[in-house]
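This report refers to the structure that appears directly beneath it.
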Amino acid sequence: MATTHPKSSTANRRWRWFANHTASVLAVASTILVIAPLVAIFVDLVYKGAVSLNWNFFTKLPAPVGENGGGMANSIVGSALLLGLASLMGVPIGISAGIYLSEYGRGTKLSNVVRFTADVLNGVPSIVMGIAVYGLIVVPQKGFSAFAGGVVLGIMMIPTVARTTEEMLLMVPHSIREAALGLGVPNWRSMLSITLKTAMPGVITGCMLAFARVAGETAPLLFTALGNEFWSTALNQPIAALPLQIYVYALGPYDEWHRLAWAGSLVLVFLIVVSVALVRFVTTRGVLKGAS
């Protein structure tokens with residue numbers, strides 16, 4: 001019977017201790033490298049933008065050129081309206097496309113075309129999207145509009161939501177689908193009530209990623225929503241948006257504009273973080289309660 005030499009056993013324990021701690025250090029270092037850029041950006045925004053935040057910023061319109069003061073109230077409302085329109089369009093279509101790719105279109109030519117199209121759209125520059133919607137909507141309407149801005153942002157959301165939904169649904173075990181079908185549940189109801197509900201946390205994450213991506217887009221809005229210095233919530237009129245106002249102020253020659261641009265950037269990032277966190281928290285709690 002072979003015996004293990006005490007020195008060999010001690011060397012193996014030391015090696016395992018060293019490998020374990022090395023892997024832990026590398027994992028922690030990788031996590032810090034991922035989080036550090038976000039923290040650095042947020043700290044810089046807080047340092048340069050927080051001093052410019054006041055009541056007027058959230059309640060006043062932009063001041064005339066060359067004058068101090070004013071705010072971005074119309075831009076905040078405009079961004080909320082544009083993102084609402086984009087979500088109403090992009091989320092249902094994206095989830096429906098993901099359900100088709102995962103549950104009904106496996107191996108078909110149409111599913112391959114849809115999947116390829118979604119992957120291509122994910123890589124298309126946003127300014128190209130804006131030019132396309134400009135030709136399809138703005139030119140026939142003979143004017144820029146909030147509707148065109150919502151459409152271009154919604155189109156940009158669809159591929160991310162669709163591909164994420166597909167991947168999340170494919171991760172649901174087939175035994176769950178088979179158990180539902182074995183109980184006599186129709187396929188469509190099994191998909192909506194069981195399969196989709198099981199994958200909901202991942203689907204929500206995909207929707208949030210798409211929302212965060214389009215929230216700060218400026219280039220496509222230049223060709224669709226255009227921007228507005230006054231109050232406007234009409235869908236057939238140009239509308240203000242935080243990214244557009246930040247872009248204009250950042251390129252301006254006035255220090256007051258630069259100050260407001262930093263403040264607007266901070267507000268935009270903060271609104272994205274808060275909205276995503278709230279949606280994630282509320283929806284995840286709902287999913288967990290439903291599952292229990």
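Order determines the names: the first chain of the structure tokens is A, the second B, and so forth; residues in each chain are numbered 1 upward, and ligands are numbered 1 upward as they are shown.
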
Worksheet item: Using only C-alpha atoms, which residues sit within 9 Å of Met129 (chain A) once same-chain residues fewer than 3 positions away are excluded, as a list in words?
Response: Leu121, Val124, Pro125, Ser126, Ala132, Val133, Tyr134, Val152, Leu153, Ile155, Met156, Ala219 and Pro220 of chain A

Dump as an mmCIF file, in the first residue's frame, selection limited to N, CA and C atoms:
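The file below, selection17.cif, is the result:
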```
data_model
loop_
_atom_site.group_PDB
_atom_site.id
_atom_site.type_symbol
_atom_site.label_atom_id
_atom_site.label_comp_id
_atom_site.auth_asym_id
_atom_site.auth_seq_id
_atom_site.Cartn_x
_atom_site.Cartn_y
_atom_site.Cartn_z
ATOM 1 N N LEU A 121 -28.233 45.004 -36.533
ATOM 2 C CA LEU A 121 -28.742 46.250 -35.961
ATOM 3 C C LEU A 121 -27.981 46.636 -34.690
ATOM 4 N N VAL A 124 -24.950 48.585 -35.878
ATOM 5 C CA VAL A 124 -25.118 49.761 -36.736
ATOM 6 C C VAL A 124 -24.921 51.026 -35.901
ATOM 7 N N PRO A 125 -24.101 51.981 -36.350
ATOM 8 C CA PRO A 125 -23.934 53.236 -35.603
ATOM 9 C C PRO A 125 -25.258 53.959 -35.424
ATOM 10 N N SER A 126 -25.412 54.601 -34.281
ATOM 11 C CA SER A 126 -26.675 55.257 -33.961
ATOM 12 C C SER A 126 -26.991 56.386 -34.936
ATOM 13 N N ALA A 132 -31.687 57.100 -41.161
ATOM 14 C CA ALA A 132 -32.720 56.252 -41.751
ATOM 15 C C ALA A 132 -34.113 56.708 -41.336
ATOM 16 N N VAL A 133 -34.305 56.982 -40.039
ATOM 17 C CA VAL A 133 -35.613 57.439 -39.560
ATOM 18 C C VAL A 133 -35.911 58.841 -40.092
ATOM 19 N N TYR A 134 -34.875 59.635 -40.287
ATOM 20 C CA TYR A 134 -35.062 60.951 -40.895
ATOM 21 C C TYR A 134 -35.687 60.812 -42.289
ATOM 22 N N VAL A 152 -36.842 56.133 -33.375
ATOM 23 C CA VAL A 152 -35.442 55.750 -33.590
ATOM 24 C C VAL A 152 -34.847 55.128 -32.329
ATOM 25 N N LEU A 153 -35.197 55.633 -31.159
ATOM 26 C CA LEU A 153 -34.703 55.031 -29.919
ATOM 27 C C LEU A 153 -35.318 53.652 -29.699
ATOM 28 N N ILE A 155 -36.281 51.548 -32.070
ATOM 29 C CA ILE A 155 -35.626 50.622 -32.995
ATOM 30 C C ILE A 155 -34.279 50.177 -32.449
ATOM 31 N N MET A 156 -33.574 51.101 -31.803
ATOM 32 C CA MET A 156 -32.273 50.759 -31.239
ATOM 33 C C MET A 156 -32.404 49.810 -30.052
ATOM 34 N N ALA A 219 -26.775 61.563 -31.280
ATOM 35 C CA ALA A 219 -26.720 61.635 -32.743
ATOM 36 C C ALA A 219 -28.057 61.341 -33.421
ATOM 37 N N PRO A 220 -28.774 60.249 -33.056
ATOM 38 C CA PRO A 220 -30.039 59.996 -33.752
ATOM 39 C C PRO A 220 -31.098 61.045 -33.476
#
```

Fill in: Distance query Glu217 (chain A) at most 12 Å, only C-alpha atoms, self and fewer than 3 positions along chain excluded, as JSON, numbers by chain
{"A": [79, 82, 83, 125, 126, 127, 129, 130, 149, 150, 152, 153, 154, 156, 157, 210, 211, 212, 213, 214, 220, 221, 222, 223, 224, 225, 241, 242, 243, 244, 245, 246, 247, 268]}

Residues as selected, N, CA and C atoms, written as a short mmCIF file (atom, residue, chain, number, x, y, z; two decimals), in the first residue's frame, can you do that?
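So out.cif came out as:
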```cif
data_model
loop_
_atom_site.label_atom_id
_atom_site.label_comp_id
_atom_site.auth_asym_id
_atom_site.auth_seq_id
_atom_site.Cartn_x
_atom_site.Cartn_y
_atom_site.Cartn_z
N SER A 79 -36.83 64.14 -22.34
CA SER A 79 -36.15 62.85 -22.30
C SER A 79 -37.07 61.77 -21.75
N LEU A 82 -39.51 60.84 -24.56
CA LEU A 82 -38.85 60.07 -25.62
C LEU A 82 -38.54 58.65 -25.18
N LEU A 83 -38.03 58.50 -23.96
CA LEU A 83 -37.71 57.16 -23.47
C LEU A 83 -38.97 56.34 -23.22
N PRO A 125 -24.10 51.98 -36.35
CA PRO A 125 -23.93 53.24 -35.60
C PRO A 125 -25.26 53.96 -35.42
N SER A 126 -25.41 54.60 -34.28
CA SER A 126 -26.68 55.26 -33.96
C SER A 126 -26.99 56.39 -34.94
N ILE A 127 -25.97 57.05 -35.45
CA ILE A 127 -26.23 58.15 -36.38
C ILE A 127 -26.83 57.65 -37.68
N MET A 129 -28.88 55.08 -37.81
CA MET A 129 -30.28 54.89 -37.44
C MET A 129 -31.04 56.20 -37.56
N GLY A 130 -30.43 57.27 -37.07
CA GLY A 130 -31.08 58.57 -37.13
C GLY A 130 -31.33 59.03 -38.55
N GLY A 149 -38.25 60.85 -32.83
CA GLY A 149 -37.22 60.55 -31.85
C GLY A 149 -37.52 59.29 -31.06
N GLY A 150 -38.77 59.09 -30.66
CA GLY A 150 -39.13 57.88 -29.95
C GLY A 150 -38.99 56.63 -30.80
N VAL A 152 -36.84 56.13 -33.38
CA VAL A 152 -35.44 55.75 -33.59
C VAL A 152 -34.85 55.13 -32.33
N LEU A 153 -35.20 55.63 -31.16
CA LEU A 153 -34.70 55.03 -29.92
C LEU A 153 -35.32 53.65 -29.70
N GLY A 154 -36.60 53.50 -30.05
CA GLY A 154 -37.25 52.19 -29.92
C GLY A 154 -36.62 51.16 -30.84
N MET A 156 -33.57 51.10 -31.80
CA MET A 156 -32.27 50.76 -31.24
C MET A 156 -32.40 49.81 -30.05
N MET A 157 -33.54 49.83 -29.36
CA MET A 157 -33.74 48.94 -28.23
C MET A 157 -34.09 47.51 -28.65
N ALA A 210 -30.88 47.82 -22.72
CA ALA A 210 -31.31 48.57 -23.90
C ALA A 210 -31.74 49.98 -23.52
N PHE A 211 -32.43 50.12 -22.40
CA PHE A 211 -32.88 51.44 -21.94
C PHE A 211 -31.68 52.33 -21.64
N ALA A 212 -30.69 51.77 -20.93
CA ALA A 212 -29.51 52.56 -20.59
C ALA A 212 -28.72 52.95 -21.83
N ARG A 213 -28.73 52.08 -22.84
CA ARG A 213 -27.98 52.40 -24.05
C ARG A 213 -28.56 53.59 -24.78
N VAL A 214 -29.88 53.65 -24.92
CA VAL A 214 -30.49 54.70 -25.72
C VAL A 214 -30.70 55.99 -24.93
N PRO A 220 -28.77 60.25 -33.06
CA PRO A 220 -30.04 60.00 -33.75
C PRO A 220 -31.10 61.05 -33.48
N LEU A 221 -31.04 61.70 -32.31
CA LEU A 221 -32.03 62.72 -31.98
C LEU A 221 -31.79 64.01 -32.76
N LEU A 222 -30.55 64.23 -33.19
CA LEU A 222 -30.27 65.42 -34.01
C LEU A 222 -31.02 65.36 -35.34
N PHE A 223 -31.28 64.16 -35.83
CA PHE A 223 -31.96 64.00 -37.11
C PHE A 223 -33.46 63.75 -36.96
N THR A 224 -33.94 63.63 -35.73
CA THR A 224 -35.35 63.28 -35.54
C THR A 224 -36.08 64.26 -34.62
N ALA A 225 -35.65 64.33 -33.34
CA ALA A 225 -36.32 65.22 -32.39
C ALA A 225 -35.83 66.65 -32.51
N ALA A 241 -34.36 67.40 -25.19
CA ALA A 241 -33.88 66.19 -24.54
C ALA A 241 -32.56 66.49 -23.86
N LEU A 242 -32.31 65.85 -22.75
CA LEU A 242 -31.09 66.10 -22.00
C LEU A 242 -29.82 65.89 -22.82
N PRO A 243 -29.68 64.80 -23.56
CA PRO A 243 -28.46 64.63 -24.35
C PRO A 243 -28.26 65.75 -25.38
N LEU A 244 -29.36 66.20 -26.01
CA LEU A 244 -29.25 67.29 -26.98
C LEU A 244 -28.82 68.59 -26.31
N GLN A 245 -29.41 68.90 -25.16
CA GLN A 245 -29.07 70.14 -24.47
C GLN A 245 -27.64 70.10 -23.95
N ILE A 246 -27.22 68.97 -23.46
CA ILE A 246 -25.83 68.83 -23.00
C ILE A 246 -24.87 69.02 -24.17
N TYR A 247 -25.21 68.46 -25.31
CA TYR A 247 -24.37 68.59 -26.50
C TYR A 247 -24.22 70.05 -26.92
N LEU A 268 -28.58 63.21 -15.86
CA LEU A 268 -28.88 62.13 -16.79
C LEU A 268 -28.40 60.79 -16.26
#
```

Worksheet item: Between A:Leu183, A:Ala80, A:Ile95, A:Val161, which is the closest to Asp119 (chain A) once you count only C-alpha atoms?
Response: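 Checking each candidate against Asp119 (chain A), we get A:Val161 as the closest.
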
Item to complete: Check region 64-254 of chain A with DSSP on the backbone and list each residue it calls helix (DSSP H, G or I), as JSON, numbers by chain.
Response: {"A": [73, 74, 75, 76, 77, 78, 79, 80, 81, 82, 83, 84, 85, 86, 87, 88, 89, 90, 91, 92, 93, 94, 95, 96, 97, 98, 99, 100, 101, 102, 103, 104, 109, 110, 111, 112, 113, 114, 115, 116, 117, 118, 119, 120, 121, 122, 123, 126, 127, 128, 129, 130, 131, 132, 133, 134, 135, 136, 137, 138, 139, 140, 141, 146, 147, 148, 149, 150, 151, 152, 153, 154, 155, 156, 157, 158, 159, 160, 161, 162, 163, 164, 165, 166, 167, 168, 169, 170, 174, 175, 176, 177, 178, 179, 180, 181, 182, 187, 188, 189, 190, 191, 192, 193, 194, 195, 196, 197, 198, 200, 201, 202, 203, 204, 205, 206, 207, 208, 209, 210, 211, 212, 213, 214, 215, 219, 220, 221, 222, 242, 243, 244, 245, 246, 247, 248, 249, 250, 251]}

Worksheet entry | Atomic separation - CA of Phe270 (chain A) relative to CA of Val151 (chain A), Å |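 Atom-to-atom, CA of Val151 (chain A) and CA of Phe270 (chain A) are spaced 24.0 Å apart.
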
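Every protein or nucleic acid residue with an atom no more than 10 Å from His258 (chain A), counting only C-alpha atoms and leaving out same-chain residues fewer than 6 positions away, appears here: A:Lys48, A:Gly49, A:Ile246, A:Tyr247, A:Val248, A:Tyr249, A:Ala250, A:Leu251, A:Gly252, A:Gly264.
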
Using C-alpha atoms, can you export the residues from the last selection as a JSON list (two decimals), in the first residue's frame?
```json
[["chain", "number", "residue", "atom", "x", "y", "z"],
["A", 48, "LYS", "CA", -18.18, 69.31, -11.47],
["A", 49, "GLY", "CA", -21.95, 69.12, -11.72],
["A", 246, "ILE", "CA", -25.83, 68.83, -23.00],
["A", 247, "TYR", "CA", -24.37, 68.59, -26.50],
["A", 248, "VAL", "CA", -25.31, 72.19, -27.32],
["A", 249, "TYR", "CA", -24.01, 73.54, -24.02],
["A", 250, "ALA", "CA", -20.77, 71.56, -24.15],
["A", 251, "LEU", "CA", -19.90, 73.05, -27.56],
["A", 252, "GLY", "CA", -20.89, 76.58, -26.55],
["A", 264, "GLY", "CA", -27.15, 67.94, -16.98]]
```

Discussion item. Excluding Ser96 (chain A) and its own-chain neighbours fewer than 4 positions away, which residues fall within 10 Å of it when counting only C-alpha atoms? Please give them as a PyMOL selection string.
Written reply: chain A and resi 90-92+100-102+158+161-162+165-166

Write the residues of the selection above to a file with N, CA and C atoms, as a short mmCIF file (atom, residue, chain, number, x, y, z; two decimals), in the first residue's frame.
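Result went into out.cif, see below:
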```cif
data_model
loop_
_atom_site.label_atom_id
_atom_site.label_comp_id
_atom_site.auth_asym_id
_atom_site.auth_seq_id
_atom_site.Cartn_x
_atom_site.Cartn_y
_atom_site.Cartn_z
N GLY A 90 -40.08 49.47 -28.22
CA GLY A 90 -38.97 48.52 -28.28
C GLY A 90 -39.13 47.31 -27.40
N VAL A 91 -39.68 47.47 -26.20
CA VAL A 91 -39.76 46.34 -25.27
C VAL A 91 -40.75 45.27 -25.74
N PRO A 92 -42.01 45.60 -26.08
CA PRO A 92 -42.92 44.54 -26.54
C PRO A 92 -42.45 43.85 -27.81
N TYR A 100 -40.32 34.32 -30.17
CA TYR A 100 -40.40 33.58 -31.44
C TYR A 100 -39.11 32.82 -31.71
N LEU A 101 -37.97 33.48 -31.52
CA LEU A 101 -36.69 32.84 -31.81
C LEU A 101 -36.45 31.64 -30.91
N SER A 102 -36.90 31.74 -29.65
CA SER A 102 -36.62 30.68 -28.70
C SER A 102 -37.64 29.54 -28.74
N ILE A 158 -34.75 47.36 -29.78
CA ILE A 158 -35.30 46.06 -30.16
C ILE A 158 -34.26 44.95 -30.23
N VAL A 161 -33.04 43.75 -26.70
CA VAL A 161 -34.11 43.07 -25.95
C VAL A 161 -34.39 41.70 -26.56
N ALA A 162 -34.43 41.63 -27.89
CA ALA A 162 -34.76 40.36 -28.56
C ALA A 162 -33.71 39.29 -28.29
N THR A 165 -33.71 38.23 -24.56
CA THR A 165 -34.88 37.41 -24.25
C THR A 165 -34.70 35.99 -24.79
N GLU A 166 -34.20 35.87 -26.01
CA GLU A 166 -33.97 34.54 -26.58
C GLU A 166 -33.01 33.73 -25.71
#
```

Worksheet entry | Atomic distance CA of Val51 (chain A) - CA of Ala261 (chain A), expressed in Å with one decimal |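 The value is 11.9 Å.
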
Worksheet item: Quick one: residues within 9 Å of Phe144 (chain A), only C-alpha atoms counted, chain neighbours fewer than 3 positions away excluded, as a PyMOL selection string?
Response: chain A and resi 134+137-139+141+147-149+223-227+236-239

Output C-alpha atoms for every residue in that selection, as a PDB file, in the first residue's frame.
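Final output, part_28.pdb:
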```
ATOM      1  CA  TYR A 134     -35.062  60.951 -40.895  1.00  0.00           C
ATOM      2  CA  ILE A 137     -40.537  59.754 -40.994  1.00  0.00           C
ATOM      3  CA  VAL A 138     -39.130  63.281 -40.815  1.00  0.00           C
ATOM      4  CA  VAL A 139     -39.028  63.922 -44.576  1.00  0.00           C
ATOM      5  CA  GLN A 141     -43.918  64.578 -42.288  1.00  0.00           C
ATOM      6  CA  PHE A 147     -42.566  60.749 -32.440  1.00  0.00           C
ATOM      7  CA  ALA A 148     -39.613  60.324 -34.798  1.00  0.00           C
ATOM      8  CA  GLY A 149     -37.220  60.546 -31.850  1.00  0.00           C
ATOM      9  CA  PHE A 223     -31.956  64.000 -37.110  1.00  0.00           C
ATOM     10  CA  THR A 224     -35.350  63.277 -35.545  1.00  0.00           C
ATOM     11  CA  ALA A 225     -36.319  65.219 -32.391  1.00  0.00           C
ATOM     12  CA  LEU A 226     -33.937  68.128 -33.192  1.00  0.00           C
ATOM     13  CA  GLY A 227     -34.385  69.835 -29.789  1.00  0.00           C
ATOM     14  CA  ASN A 236     -45.642  66.080 -33.915  1.00  0.00           C
ATOM     15  CA  GLN A 237     -43.308  68.901 -32.824  1.00  0.00           C
ATOM     16  CA  PRO A 238     -39.562  69.101 -32.061  1.00  0.00           C
ATOM     17  CA  ILE A 239     -38.833  68.316 -28.435  1.00  0.00           C
TER      18      ILE A 239
END
```

Worksheet item: In Å, with one decimal, what is the gap from CA of Ala29 (chain A) to CA of Arg14 (chain A)?
Response: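 Separation between CA of Ala29 (chain A) and CA of Arg14 (chain A): 22.3 Å.
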
Worksheet item: Within 10 Å of Ser190 (chain A), counting only C-alpha atoms, which residues qualify if same-chain residues fewer than 2 places away don't, as number ranges by chain?
Response: A: 176-181, 184-188, 192-197

Could you please take those selected residues and save C-alpha atoms as a PDB file, in the first residue's frame?
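Contents of the output file selection-v7.pdb:
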```
ATOM      1  CA  ILE A 176     -40.416  22.766 -16.952  1.00  0.00           C
ATOM      2  CA  ARG A 177     -42.036  23.028 -20.378  1.00  0.00           C
ATOM      3  CA  GLU A 178     -42.683  19.274 -20.472  1.00  0.00           C
ATOM      4  CA  ALA A 179     -44.272  19.295 -17.009  1.00  0.00           C
ATOM      5  CA  ALA A 180     -46.673  22.058 -18.048  1.00  0.00           C
ATOM      6  CA  LEU A 181     -47.585  20.300 -21.281  1.00  0.00           C
ATOM      7  CA  GLY A 184     -52.593  19.751 -20.297  1.00  0.00           C
ATOM      8  CA  VAL A 185     -51.563  23.423 -20.307  1.00  0.00           C
ATOM      9  CA  PRO A 186     -51.649  24.901 -23.836  1.00  0.00           C
ATOM     10  CA  ASN A 187     -48.262  25.728 -25.307  1.00  0.00           C
ATOM     11  CA  TRP A 188     -48.920  29.470 -25.533  1.00  0.00           C
ATOM     12  CA  LEU A 192     -46.316  33.055 -21.036  1.00  0.00           C
ATOM     13  CA  SER A 193     -47.139  31.856 -17.517  1.00  0.00           C
ATOM     14  CA  ILE A 194     -44.223  29.524 -16.822  1.00  0.00           C
ATOM     15  CA  THR A 195     -41.309  29.786 -19.256  1.00  0.00           C
ATOM     16  CA  LEU A 196     -41.302  33.568 -19.630  1.00  0.00           C
ATOM     17  CA  LYS A 197     -41.966  34.080 -15.920  1.00  0.00           C
TER      18      LYS A 197
END
```

Discussion item. Considering only C-alpha atoms, can you say which of A:Gly143, A:Pro37, A:Gly94, A:Gly71 comes closest to Leu53 (chain A)?
Written reply: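 Going through A:Gly143, A:Pro37, A:Gly94, A:Gly71 one by one, the smallest distance to Leu53 (chain A) is for A:Gly71.
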